[in-house]
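What follows is final_9.txt (compact mmCIF, C-alpha atoms).
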# COMPACT_ATOMS: atom_id res chain seq x y z
CA MET A 95 -108.99 -77.96 24.42
CA SER A 96 -112.28 -79.29 25.86
CA GLN A 97 -113.22 -82.74 24.56
CA GLU A 98 -116.69 -82.58 26.07
CA ASN A 99 -119.37 -83.26 23.38
CA VAL A 100 -116.66 -84.47 20.95
CA THR A 101 -116.98 -88.03 19.56
CA ARG A 102 -114.20 -89.67 17.54
CA LEU A 103 -114.93 -92.50 15.12
CA HIS A 104 -112.55 -94.42 12.84
CA MET A 105 -113.93 -95.96 9.65
CA ASN A 106 -112.20 -97.22 6.52
CA GLY A 107 -108.99 -95.31 7.25
CA LYS A 108 -110.87 -92.07 7.99
CA GLU A 109 -111.15 -90.22 11.28
CA LEU A 110 -114.59 -88.71 11.86
CA ILE A 111 -114.85 -86.11 14.62
CA LEU A 112 -118.43 -85.30 15.66
CA ILE A 113 -119.01 -82.12 17.66
CA GLY A 114 -122.39 -82.26 19.42
CA THR A 115 -123.33 -78.61 19.69
CA ALA A 116 -126.08 -76.70 21.42
CA HIS A 117 -127.71 -74.45 18.82
CA VAL A 118 -128.51 -71.90 21.49
CA SER A 119 -125.24 -72.04 23.44
CA LYS A 120 -122.51 -69.38 23.24
CA THR A 121 -119.79 -71.86 24.19
CA SER A 122 -120.54 -74.24 21.29
CA ALA A 123 -119.20 -71.77 18.71
CA GLU A 124 -115.99 -71.37 20.73
CA GLN A 125 -115.55 -75.15 20.88
CA VAL A 126 -116.11 -75.47 17.11
CA LYS A 127 -113.36 -72.92 16.49
CA GLU A 128 -110.96 -74.68 18.89
CA VAL A 129 -111.52 -78.18 17.47
CA ILE A 130 -111.20 -77.19 13.80
CA GLU A 131 -108.03 -75.15 14.42
CA ALA A 132 -106.46 -77.98 16.45
CA GLU A 133 -107.44 -80.83 14.10
CA ASN A 134 -106.91 -79.05 10.76
CA PRO A 135 -109.38 -81.39 8.99
CA ASP A 136 -109.70 -82.07 5.25
CA SER A 137 -113.47 -81.47 5.39
CA VAL A 138 -115.94 -79.72 7.69
CA CYS A 139 -119.55 -80.94 7.60
CA ILE A 140 -122.26 -78.64 8.91
CA GLU A 141 -125.90 -79.38 9.70
CA LEU A 142 -127.28 -77.08 6.99
CA ASP A 143 -128.76 -77.49 3.53
CA GLN A 144 -128.11 -75.15 0.60
CA GLY A 145 -131.08 -72.91 1.35
CA ARG A 146 -130.21 -72.35 5.00
CA TYR A 147 -126.54 -71.90 4.09
CA ASN A 148 -127.50 -69.18 1.59
CA SER A 149 -129.62 -67.48 4.24
CA ILE A 150 -126.66 -67.38 6.63
CA VAL A 151 -124.06 -66.29 4.07
CA GLU A 152 -126.19 -63.83 2.08
CA GLY A 153 -128.70 -62.95 4.75
CA ASN A 154 -132.43 -63.50 4.23
CA LYS A 155 -132.71 -61.57 0.98
CA TRP A 156 -136.32 -60.65 1.65
CA LYS A 157 -136.13 -57.50 -0.49
CA ASP A 158 -135.51 -59.68 -3.57
CA MET A 159 -138.64 -61.72 -2.95
CA ASP A 160 -141.41 -61.63 -5.55
CA ILE A 161 -144.57 -61.88 -3.42
CA PHE A 162 -146.71 -62.43 -6.54
CA LYS A 163 -144.54 -65.43 -7.46
CA VAL A 164 -144.82 -66.82 -3.91
CA ILE A 165 -148.64 -66.78 -4.17
CA ARG A 166 -148.75 -68.15 -7.73
CA GLU A 167 -146.42 -71.04 -6.81
CA LYS A 168 -148.60 -71.88 -3.77
CA LYS A 169 -145.73 -71.26 -1.34
CA ALA A 170 -147.49 -68.77 0.97
CA THR A 171 -148.01 -71.35 3.75
CA LEU A 172 -144.40 -72.58 3.50
CA LEU A 173 -143.14 -68.99 3.73
CA LEU A 174 -145.39 -68.42 6.75
CA MET A 175 -143.83 -71.48 8.45
CA ASN A 176 -140.30 -70.26 7.66
CA LEU A 177 -141.19 -66.88 9.16
CA ALA A 178 -142.57 -68.67 12.22
CA ILE A 179 -139.20 -70.37 12.73
CA SER A 180 -137.51 -66.99 12.30
CA SER A 181 -139.86 -65.49 14.91
CA PHE A 182 -139.10 -68.38 17.28
CA GLN A 183 -135.37 -67.76 16.88
CA ASN A 184 -135.77 -64.01 17.39
CA ARG A 185 -137.67 -64.57 20.62
CA MET A 186 -134.81 -66.72 21.95
CA ALA A 187 -132.22 -64.20 20.78
CA LYS A 188 -133.95 -61.29 22.50
CA GLN A 189 -134.67 -63.11 25.75
CA PHE A 190 -131.28 -64.77 26.24
CA GLY A 191 -128.93 -62.65 24.13
CA ILE A 192 -128.23 -65.70 21.99
CA ASN A 193 -127.73 -65.93 18.25
CA PRO A 194 -129.06 -69.39 17.25
CA GLY A 195 -126.85 -71.14 14.72
CA GLN A 196 -123.70 -69.25 15.68
CA GLU A 197 -121.76 -72.52 15.81
CA MET A 198 -122.66 -73.19 12.15
CA ILE A 199 -121.46 -69.71 11.17
CA GLN A 200 -118.23 -70.41 13.07
CA GLY A 201 -117.88 -73.73 11.25
CA ILE A 202 -118.17 -71.97 7.87
CA GLU A 203 -115.57 -69.37 8.87
CA SER A 204 -113.15 -71.90 10.38
CA ALA A 205 -113.40 -74.15 7.31
CA LYS A 206 -112.31 -71.22 5.14
CA GLU A 207 -109.48 -70.28 7.50
CA THR A 208 -108.06 -73.84 7.52
CA ASP A 209 -108.69 -74.47 3.77
CA ALA A 210 -110.97 -77.39 4.63
CA GLU A 211 -113.70 -78.36 2.18
CA LEU A 212 -117.14 -77.30 3.44
CA VAL A 213 -119.85 -79.98 3.13
CA LEU A 214 -123.54 -79.09 3.54
CA ALA A 215 -124.64 -82.31 5.19
CA ASP A 216 -128.32 -81.84 6.07
CA ARG A 217 -131.34 -82.69 3.97
CA ASN A 218 -133.24 -79.90 2.23
CA ILE A 219 -135.62 -78.42 4.79
CA GLN A 220 -138.47 -78.29 2.25
CA THR A 221 -138.06 -82.04 1.68
CA THR A 222 -138.23 -82.61 5.44
CA PHE A 223 -141.34 -80.40 5.73
CA SER A 224 -142.94 -82.23 2.78
CA ARG A 225 -142.26 -85.66 4.28
CA VAL A 226 -143.61 -84.43 7.66
CA TRP A 227 -146.67 -82.91 5.94
CA ARG A 228 -147.53 -86.18 4.14
CA ASN A 229 -147.28 -88.14 7.39
CA ILE A 230 -149.84 -86.42 9.59
CA GLY A 231 -153.23 -86.42 7.84
CA LEU A 232 -155.81 -83.64 7.70
CA LYS A 233 -156.25 -83.30 11.48
CA GLY A 234 -152.48 -83.21 11.98
CA LYS A 235 -152.04 -80.53 9.32
CA ALA A 236 -154.63 -78.32 11.01
CA LEU A 237 -152.98 -78.82 14.43
CA LEU A 238 -149.51 -78.17 13.02
CA LEU A 239 -150.59 -74.91 11.36
CA MET A 240 -152.30 -73.84 14.60
CA GLN A 241 -149.14 -74.59 16.61
CA VAL A 242 -146.80 -72.87 14.16
CA VAL A 243 -148.96 -69.77 13.71
CA GLY A 244 -149.80 -69.76 17.44
CA GLY A 245 -146.07 -69.82 18.17
CA ILE A 246 -145.68 -66.57 16.25
CA PHE A 247 -148.21 -64.77 18.40
CA SER A 248 -147.27 -66.36 21.72
CA LYS A 249 -146.19 -63.81 24.32
CA GLU A 250 -144.91 -66.51 26.66
CA SER A 251 -141.31 -66.25 27.72
CA ILE A 252 -139.15 -69.28 27.04
CA SER A 253 -138.37 -70.91 30.39
CA GLU A 254 -134.93 -72.03 31.53
CA ALA A 255 -136.20 -75.64 31.28
CA ASP A 256 -137.23 -75.02 27.66
CA LEU A 257 -133.82 -73.53 26.98
CA GLU A 258 -132.08 -76.61 28.38
CA GLN A 259 -134.33 -78.77 26.17
CA MET A 260 -133.29 -76.70 23.13
CA LYS A 261 -129.64 -77.18 23.97
CA SER A 262 -130.00 -80.80 22.88
CA GLU A 263 -132.19 -80.17 19.83
CA ASP A 264 -132.00 -78.23 16.60
CA THR A 265 -134.38 -75.32 16.02
CA LEU A 266 -136.80 -77.34 13.93
CA ASN A 267 -136.94 -80.18 16.47
CA ALA A 268 -137.31 -77.74 19.36
CA MET A 269 -140.15 -75.84 17.72
CA LEU A 270 -142.07 -79.03 16.93
CA HIS A 271 -141.17 -80.85 20.17
CA GLU A 272 -144.71 -80.92 21.60
CA PHE A 273 -146.14 -81.79 18.22
CA THR A 274 -143.88 -84.84 17.84
CA GLU A 275 -145.11 -86.07 21.23
CA SER A 276 -148.68 -85.98 19.90
CA PHE A 277 -147.63 -87.53 16.58
CA PRO A 278 -144.84 -90.09 17.26
CA ARG A 279 -144.73 -90.91 13.52
CA LEU A 280 -143.03 -87.54 12.97
CA LYS A 281 -139.86 -88.73 14.67
CA LYS A 282 -138.99 -90.72 11.54
CA PRO A 283 -138.93 -87.85 8.95
CA LEU A 284 -137.86 -85.18 11.44
CA ILE A 285 -135.03 -86.96 13.25
CA ASP A 286 -134.37 -90.58 12.16
CA GLU A 287 -134.20 -89.93 8.41
CA ARG A 288 -132.03 -86.86 8.94
CA ASP A 289 -129.66 -88.94 11.12
CA GLN A 290 -129.32 -91.33 8.18
CA PHE A 291 -128.83 -88.52 5.67
CA LEU A 292 -126.27 -86.73 7.84
CA SER A 293 -124.30 -89.92 8.57
CA GLN A 294 -124.04 -90.78 4.86
CA LYS A 295 -122.89 -87.26 3.92
CA ILE A 296 -120.28 -87.33 6.70
CA LYS A 297 -118.96 -90.72 5.50
CA GLU A 298 -118.76 -89.45 1.93
CA ALA A 299 -116.98 -86.19 2.84
CA PRO A 300 -113.58 -85.96 1.09
CA GLY A 301 -110.30 -86.47 2.92
CA ASN A 302 -109.03 -88.66 5.75
CA LYS A 303 -110.04 -86.37 8.61
CA VAL A 304 -113.57 -84.97 8.81
CA VAL A 305 -115.07 -82.68 11.46
CA ALA A 306 -118.88 -82.64 11.62
CA ILE A 307 -120.80 -79.92 13.48
CA LEU A 308 -124.16 -81.30 14.59
CA GLY A 309 -127.00 -80.61 16.98
CA ALA A 310 -126.35 -82.77 20.05
CA ALA A 311 -129.68 -84.61 19.54
CA HIS A 312 -128.40 -86.08 16.27
CA VAL A 313 -125.11 -87.51 17.58
CA PRO A 314 -126.47 -90.77 19.14
CA GLY A 315 -128.44 -91.57 15.97
CA ILE A 316 -125.51 -90.78 13.69
CA LYS A 317 -123.13 -92.95 15.76
CA GLN A 318 -125.53 -95.83 15.11
CA GLU A 319 -126.46 -95.10 11.48
CA ILE A 320 -122.95 -94.29 10.24
CA HIS A 321 -122.13 -98.02 10.15
CA ASN A 322 -124.92 -98.57 7.60
CA ASP A 323 -125.18 -97.42 3.99
CA HIS A 324 -128.06 -95.07 3.15
CA ASP A 325 -129.59 -94.12 -0.18
CA LEU A 326 -129.54 -90.30 -0.27
CA LYS A 327 -131.78 -90.27 -3.35
CA ARG A 328 -134.45 -92.26 -1.51
CA LEU A 329 -134.19 -90.05 1.59
CA SER A 330 -134.54 -86.94 -0.62
CA HIS A 331 -137.59 -88.26 -2.43
CA VAL A 332 -140.87 -86.48 -1.72
CA PRO A 333 -143.58 -89.15 -1.71
CA PRO A 334 -146.45 -88.58 -4.15
CA LYS A 335 -149.66 -87.21 -2.74
CA SER A 336 -152.40 -89.66 -1.93
CA ASN A 337 -155.21 -89.81 -4.49
CA ALA A 338 -157.86 -89.83 -1.75
CA PRO A 339 -157.79 -86.03 -1.10
CA LYS A 340 -158.01 -85.39 -4.86
CA ILE A 341 -160.99 -87.71 -5.19
CA ILE A 342 -162.71 -86.04 -2.23
CA ALA A 343 -161.81 -82.55 -3.50
CA TRP A 344 -163.39 -83.23 -6.89
CA SER A 345 -166.32 -85.27 -5.53
CA ILE A 346 -167.68 -82.48 -3.31
CA PRO A 347 -168.17 -79.86 -6.08
CA ILE A 348 -169.52 -82.50 -8.51
CA ILE A 349 -172.09 -83.64 -5.94
CA ILE A 350 -173.02 -80.04 -5.04
CA LEU A 351 -173.45 -79.05 -8.70
CA ALA A 352 -175.47 -82.21 -9.43
CA ILE A 353 -177.79 -81.56 -6.48
CA ILE A 354 -178.33 -77.92 -7.46
CA ALA A 355 -178.92 -78.86 -11.12
CA TYR A 356 -181.48 -81.53 -10.19
CA THR A 357 -183.23 -79.17 -7.75
CA PHE A 358 -183.43 -76.48 -10.46
CA TYR A 359 -185.01 -79.06 -12.75
CA ALA A 360 -187.52 -80.24 -10.12
CA ASN A 361 -188.17 -76.94 -8.33
CA PRO A 362 -186.53 -73.78 -9.78
CA THR A 363 -187.40 -71.71 -6.70
CA ALA A 364 -185.61 -74.16 -4.41
CA GLY A 365 -182.70 -74.25 -6.87
CA ILE A 366 -182.32 -70.48 -6.59
CA GLN A 367 -182.40 -70.80 -2.79
CA GLN A 368 -179.61 -73.40 -2.95
CA SER A 369 -177.47 -71.24 -5.24
CA LEU A 370 -177.89 -68.20 -2.98
CA SER A 371 -177.04 -70.29 0.08
CA TRP A 372 -173.86 -71.59 -1.59
CA VAL A 373 -172.77 -68.09 -2.63
CA ILE A 374 -173.57 -66.44 0.71
CA TRP A 375 -171.95 -69.06 2.96
CA ASN A 376 -168.84 -69.44 0.80
CA GLY A 377 -168.39 -65.77 0.04
CA SER A 378 -169.12 -64.59 3.58
CA PHE A 379 -166.70 -66.91 5.35
CA SER A 380 -163.90 -66.20 2.89
CA ALA A 381 -164.56 -62.47 3.25
CA ILE A 382 -164.50 -62.81 7.06
CA GLY A 383 -161.05 -64.41 6.71
CA ALA A 384 -159.86 -61.46 4.62
CA ILE A 385 -161.35 -59.05 7.18
CA ALA A 386 -159.53 -60.87 10.02
CA ALA A 387 -156.29 -60.33 8.07
CA LEU A 388 -157.18 -56.61 7.81
CA GLY A 389 -157.38 -56.87 4.02
CA HIS A 390 -158.23 -53.90 1.80
CA PRO A 391 -161.99 -53.50 1.02
CA LEU A 392 -161.34 -54.62 -2.57
CA THR A 393 -159.49 -57.67 -1.20
CA ILE A 394 -162.49 -58.53 0.97
CA LEU A 395 -164.82 -58.08 -2.03
CA THR A 396 -162.55 -60.31 -4.14
CA ALA A 397 -162.64 -63.04 -1.49
CA PHE A 398 -166.45 -62.85 -1.38
CA VAL A 399 -166.89 -62.97 -5.18
CA VAL A 400 -164.36 -65.71 -6.04
CA ALA A 401 -164.91 -68.12 -3.12
CA PRO A 402 -168.20 -69.63 -4.40
CA ILE A 403 -166.47 -70.27 -7.77
CA THR A 404 -163.05 -71.48 -6.54
CA SER A 405 -164.73 -73.84 -4.07
CA LEU A 406 -166.03 -75.75 -7.10
CA ASN A 407 -162.52 -76.12 -8.55
CA PRO A 408 -159.87 -77.80 -6.33
CA LEU A 409 -157.06 -76.44 -8.55
CA ILE A 410 -157.64 -72.83 -7.49
CA ALA A 411 -158.29 -71.14 -4.15
CA ALA A 412 -160.02 -67.95 -3.04
CA GLY A 413 -157.05 -66.92 -0.88
CA TRP A 414 -154.73 -66.78 -3.89
CA PHE A 415 -156.96 -64.28 -5.69
CA ALA A 416 -157.54 -62.27 -2.52
CA GLY A 417 -153.80 -62.29 -1.79
CA LEU A 418 -152.93 -61.14 -5.32
CA MET A 419 -155.46 -58.31 -5.03
CA GLN A 420 -154.00 -57.28 -1.65
CA ALA A 421 -150.47 -57.38 -3.11
CA TYR A 422 -151.56 -55.30 -6.10
CA ILE A 423 -153.30 -52.62 -4.00
CA LYS A 424 -150.90 -52.60 -1.04
CA ARG A 425 -147.66 -53.55 -2.75
CA PRO A 426 -144.90 -54.14 -0.17
CA ASN A 427 -141.90 -51.81 -0.30
CA VAL A 428 -138.25 -52.55 0.43
CA ARG A 429 -138.66 -51.56 4.07
CA ASP A 430 -141.44 -54.15 4.57
CA PHE A 431 -139.14 -56.92 3.34
CA GLU A 432 -136.16 -55.66 5.35
CA ASN A 433 -138.28 -55.46 8.53
CA LEU A 434 -139.78 -58.94 8.14
CA THR A 435 -137.64 -60.75 10.70
CA GLU A 436 -138.32 -58.04 13.31
CA ASP A 437 -142.01 -57.56 12.52
CA VAL A 438 -142.88 -61.25 12.92
CA PHE A 439 -141.75 -60.93 16.53
CA SER A 440 -145.01 -59.20 17.52
CA VAL A 441 -148.70 -59.50 16.67
CA LYS A 442 -148.85 -55.81 15.78
CA GLY A 443 -145.84 -56.08 13.50
CA PHE A 444 -147.23 -59.18 11.84
CA TRP A 445 -150.45 -57.42 10.90
CA ASN A 446 -148.81 -54.09 10.03
CA ASN A 447 -146.15 -55.47 7.69
CA LYS A 448 -147.55 -55.53 4.16
CA VAL A 449 -145.82 -58.82 3.30
CA THR A 450 -147.13 -60.81 6.26
CA ARG A 451 -150.58 -59.23 5.87
CA ILE A 452 -150.72 -60.62 2.31
CA LEU A 453 -149.75 -64.07 3.62
CA LEU A 454 -152.47 -63.81 6.28
CA VAL A 455 -155.02 -62.83 3.62
CA VAL A 456 -154.11 -65.93 1.59
CA LEU A 457 -154.24 -68.26 4.60
CA LEU A 458 -157.34 -66.90 6.35
CA ALA A 459 -159.39 -66.38 3.16
CA ASN A 460 -158.64 -70.00 2.20
CA ILE A 461 -159.61 -71.27 5.66
CA GLY A 462 -162.82 -69.22 5.49
CA SER A 463 -163.64 -70.56 2.05
CA SER A 464 -163.12 -74.15 3.27
CA LEU A 465 -165.50 -73.57 6.18
CA GLY A 466 -168.00 -71.96 3.81
CA THR A 467 -167.79 -74.98 1.52
CA PHE A 468 -168.76 -77.40 4.29
CA ILE A 469 -171.50 -75.19 5.74
CA GLY A 470 -172.83 -74.09 2.34
CA GLY A 471 -172.71 -77.67 1.06
CA ALA A 472 -174.64 -78.91 4.11
CA ASP A 473 -177.28 -76.21 3.53
CA VAL A 474 -177.58 -77.14 -0.15
CA ILE A 475 -178.19 -80.77 0.86
CA ARG A 476 -180.72 -79.69 3.52
CA LEU A 477 -182.71 -77.66 0.97
CA PHE A 478 -182.55 -80.60 -1.44
CA PHE A 479 -184.18 -83.00 1.03
CA GLU A 480 -186.73 -80.40 2.11
CA ASN A 481 -187.86 -80.03 -1.49
CA LEU A 482 -187.82 -83.66 -2.59

For the file at hand, write its structure as structure tokens.
Amino acid sequence: MSQENVTRLHMNGKELILIGTAHVSKTSAEQVKEVIEAENPDSVCIELDQGRYNSIVEGNKWKDMDIFKVIREKKATLLLMNLAISSFQNRMAKQFGINPGQEMIQGIESAKETDAELVLADRNIQTTFSRVWRNIGLKGKALLLMQVVGGIFSKESISEADLEQMKSEDTLNAMLHEFTESFPRLKKPLIDERDQFLSQKIKEAPGNKVVAILGAAHVPGIKQEIHNDHDLKRLSHVPPKSNAPKIIAWSIPIIILAIIAYTFYANPTAGIQQSLSWVIWNGSFSAIGAIAALGHPLTILTAFVVAPITSLNPLIAAGWFAGLMQAYIKRPNVRDFENLTEDVFSVKGFWNNKVTRILLVVLLANIGSSLGTFIGGADVIRLFFENL
């Protein structure tokens, strides 16, 4: 049996066997099977959370998804990012004939075969995304969305050098590799905190012999962190949002409304001009976003009508209404949900699939409305000073 990539640690009467796997390597799954069968451990820890485990065991149950619920719960962007990761994995699978995560599937199967207790040792991916999201500011969020969405539409082949890089990273780390170079602060929530979380879960796994299946990039950090105690509750906590964006979000519409109201009082004609400018800029840009997503004409009209109103209320967004209208008119069928993972592999498929088109409507109509708010607001202020 090959001992390459296998690390043995002894702590408090327990033997911890860490297998540093390559998430895109065929041989890693074979090694996982060999080690678990030879060691017959009490527990097997895998680098998955409950959500990703369910996706592997049950398959991505897209056909059970309620797209209306996704929009209402403001999860359209998160779903788009999850689909981007799926697209990234599909591109690797098609180019190299690799099934990413096969070693985790093997770990699940081998744990059952040896009657070992299966431990889901990774932090919830939504918690990780949330902690990443809160760490990067407005500019970082825009760049991250551009990189993730751009990754979906990229036609570039993955080079052999990129593949070797991925062999020492997990899918999430690999996908955001360039981004973490631009934003070094992301290393903490993306890698360091997960090393701490994983090491604590491995230590707490039941039994005297534990096998842990991990991405090779996590092994050095875990070897260091496993000697320390970590508060899983603290690591799972999603920090509260800063009040600054809320203050800014409410300040802009209050200022705009105050300026328009004063202008109406001082010069009704100028006030009408301001109102028209606000409506046209907001509505037009949001509608352009819906057009770019190939939305239905009624969806485009909805984006145009609601954007000037929703831009004055930070609690609602034009894209949600446009997305709900698109979902109502062009309701996705079972085939659309079943074809999701294949359709996100190409630009054509992404725009043709009714589910992803709805997500694009939400995203692009919201981006358009935000642009319209800044341009329309600037024009309102310009007209105000011209008519003082």

Using all atoms listed in the file, which residues sit within 12 Å of Val129 (chain A) once same-chain residues fewer than 2 positions away are excluded, as an mmCIF file with C-alpha atoms, keeping the file's coordinate frame?
data_model
loop_
_atom_site.group_PDB
_atom_site.id
_atom_site.type_symbol
_atom_site.label_atom_id
_atom_site.label_comp_id
_atom_site.auth_asym_id
_atom_site.auth_seq_id
_atom_site.Cartn_x
_atom_site.Cartn_y
_atom_site.Cartn_z
ATOM 1 C CA MET A 95 -108.990 -77.960 24.420
ATOM 2 C CA SER A 96 -112.280 -79.290 25.860
ATOM 3 C CA GLN A 97 -113.220 -82.740 24.560
ATOM 4 C CA GLU A 98 -116.690 -82.580 26.070
ATOM 5 C CA ASN A 99 -119.370 -83.260 23.380
ATOM 6 C CA VAL A 100 -116.660 -84.470 20.950
ATOM 7 C CA THR A 101 -116.980 -88.030 19.560
ATOM 8 C CA ARG A 102 -114.200 -89.670 17.540
ATOM 9 C CA ILE A 111 -114.850 -86.110 14.620
ATOM 10 C CA LEU A 112 -118.430 -85.300 15.660
ATOM 11 C CA ILE A 113 -119.010 -82.120 17.660
ATOM 12 C CA GLY A 114 -122.390 -82.260 19.420
ATOM 13 C CA SER A 122 -120.540 -74.240 21.290
ATOM 14 C CA ALA A 123 -119.200 -71.770 18.710
ATOM 15 C CA GLU A 124 -115.990 -71.370 20.730
ATOM 16 C CA GLN A 125 -115.550 -75.150 20.880
ATOM 17 C CA VAL A 126 -116.110 -75.470 17.110
ATOM 18 C CA LYS A 127 -113.360 -72.920 16.490
ATOM 19 C CA GLU A 131 -108.030 -75.150 14.420
ATOM 20 C CA ALA A 132 -106.460 -77.980 16.450
ATOM 21 C CA GLU A 133 -107.440 -80.830 14.100
ATOM 22 C CA ASN A 134 -106.910 -79.050 10.760
ATOM 23 C CA PRO A 135 -109.380 -81.390 8.990
ATOM 24 C CA VAL A 138 -115.940 -79.720 7.690
ATOM 25 C CA GLU A 197 -121.760 -72.520 15.810
ATOM 26 C CA GLN A 200 -118.230 -70.410 13.070
ATOM 27 C CA GLY A 201 -117.880 -73.730 11.250
ATOM 28 C CA SER A 204 -113.150 -71.900 10.380
ATOM 29 C CA ALA A 205 -113.400 -74.150 7.310
ATOM 30 C CA THR A 208 -108.060 -73.840 7.520
ATOM 31 C CA VAL A 304 -113.570 -84.970 8.810
ATOM 32 C CA VAL A 305 -115.070 -82.680 11.460
ATOM 33 C CA ALA A 306 -118.880 -82.640 11.620
ATOM 34 C CA ILE A 307 -120.800 -79.920 13.480
#

Write out as JSON, numbers by chain each polymer residue whose atoms come within 12 Å of Gly417 (chain A), counting only C-alpha atoms; drop sequence neighbours fewer than 4 positions from it. {"A": [161, 162, 163, 164, 165, 166, 168, 170, 380, 381, 383, 384, 387, 388, 389, 390, 392, 393, 394, 395, 396, 397, 400, 411, 412, 413, 421, 422, 423, 424, 425, 448, 449, 450, 451, 452, 453, 454, 455, 456, 457, 458, 459, 460]}

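Picture a line from CA of Gly315 (chain A) to CA of Glu298 (chain A); it runs 17.2 Å.
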
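From CA of Trp375 (chain A) back to CA of Gly470 (chain A), the distance works out to 5.1 Å.
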
Could you pull the residues within 9 Å of Ile374 (chain A), counting all atoms listed in the file, minus those fewer than 3 positions along the same chain, as a compact mmCIF listing (two decimals) with C-alpha atoms, in the frame of the given file?
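In the end it all went to part26.txt:
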# COMPACT_ATOMS: atom_id res chain seq x y z
CA SER A 369 -177.47 -71.24 -5.24
CA LEU A 370 -177.89 -68.20 -2.98
CA SER A 371 -177.04 -70.29 0.08
CA GLY A 377 -168.39 -65.77 0.04
CA SER A 378 -169.12 -64.59 3.58
CA PHE A 379 -166.70 -66.91 5.35
CA PHE A 398 -166.45 -62.85 -1.38
CA PRO A 402 -168.20 -69.63 -4.40
CA GLY A 466 -168.00 -71.96 3.81
CA GLY A 470 -172.83 -74.09 2.34

Within 8 Å of region 211-224 of chain A, which residues of region 265-357 of chain A show up? Give each one with its shortest atom-to-atom distance in Å (one decimal) and the two atoms involved, counting all atoms listed in the file, rows by chain then rising residue number, as CSV.
residue,atom,partner,partner_atom,distance
A:Pro283,CA,A:Thr222,CA,6.3
A:Leu284,CA,A:Thr222,CA,6.5
A:Arg288,CA,A:Arg217,CA,6.5
A:Phe291,CA,A:Arg217,CA,6.6
A:Leu292,CA,A:Ala215,CA,5.4
A:Lys295,CA,A:Ala215,CA,5.4
A:Ile296,CA,A:Ala215,CA,6.8
A:Ala299,CA,A:Val213,CA,6.8
A:Pro300,CA,A:Glu211,CA,7.7
A:Ser330,CA,A:Thr221,CA,6.5
A:His331,CA,A:Thr221,CA,7.5
A:Val332,CA,A:Thr221,CA,6.3

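Nearest to Asn361 (chain A) of all the residues A:Asn481, A:Asn148, A:Thr121, A:Thr467 is A:Asn481, counting all atoms listed in the file.
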
Between A:Met105, A:Leu237, A:Ile366, A:Ile285, single out the one closest to Leu477 (chain A), counting only C-alpha atoms. A:Ile366

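Closest approach to Leu173 (chain A) among A:Asp209, A:Gly301, A:Leu434, A:Ala338: A:Leu434, based on all atoms listed in the file.
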
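The gap separating CA of Met419 (chain A) from CA of Ala236 (chain A) is 25.7 Å, in Å to one decimal.
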
Sphere at (-175.4, -79.6, -10.1), radius 12 Å, counting all atoms listed in the file: residues as a ChimeraX atom specification: /A:345-359,365-366,368-369,372,406,471,474-475,478
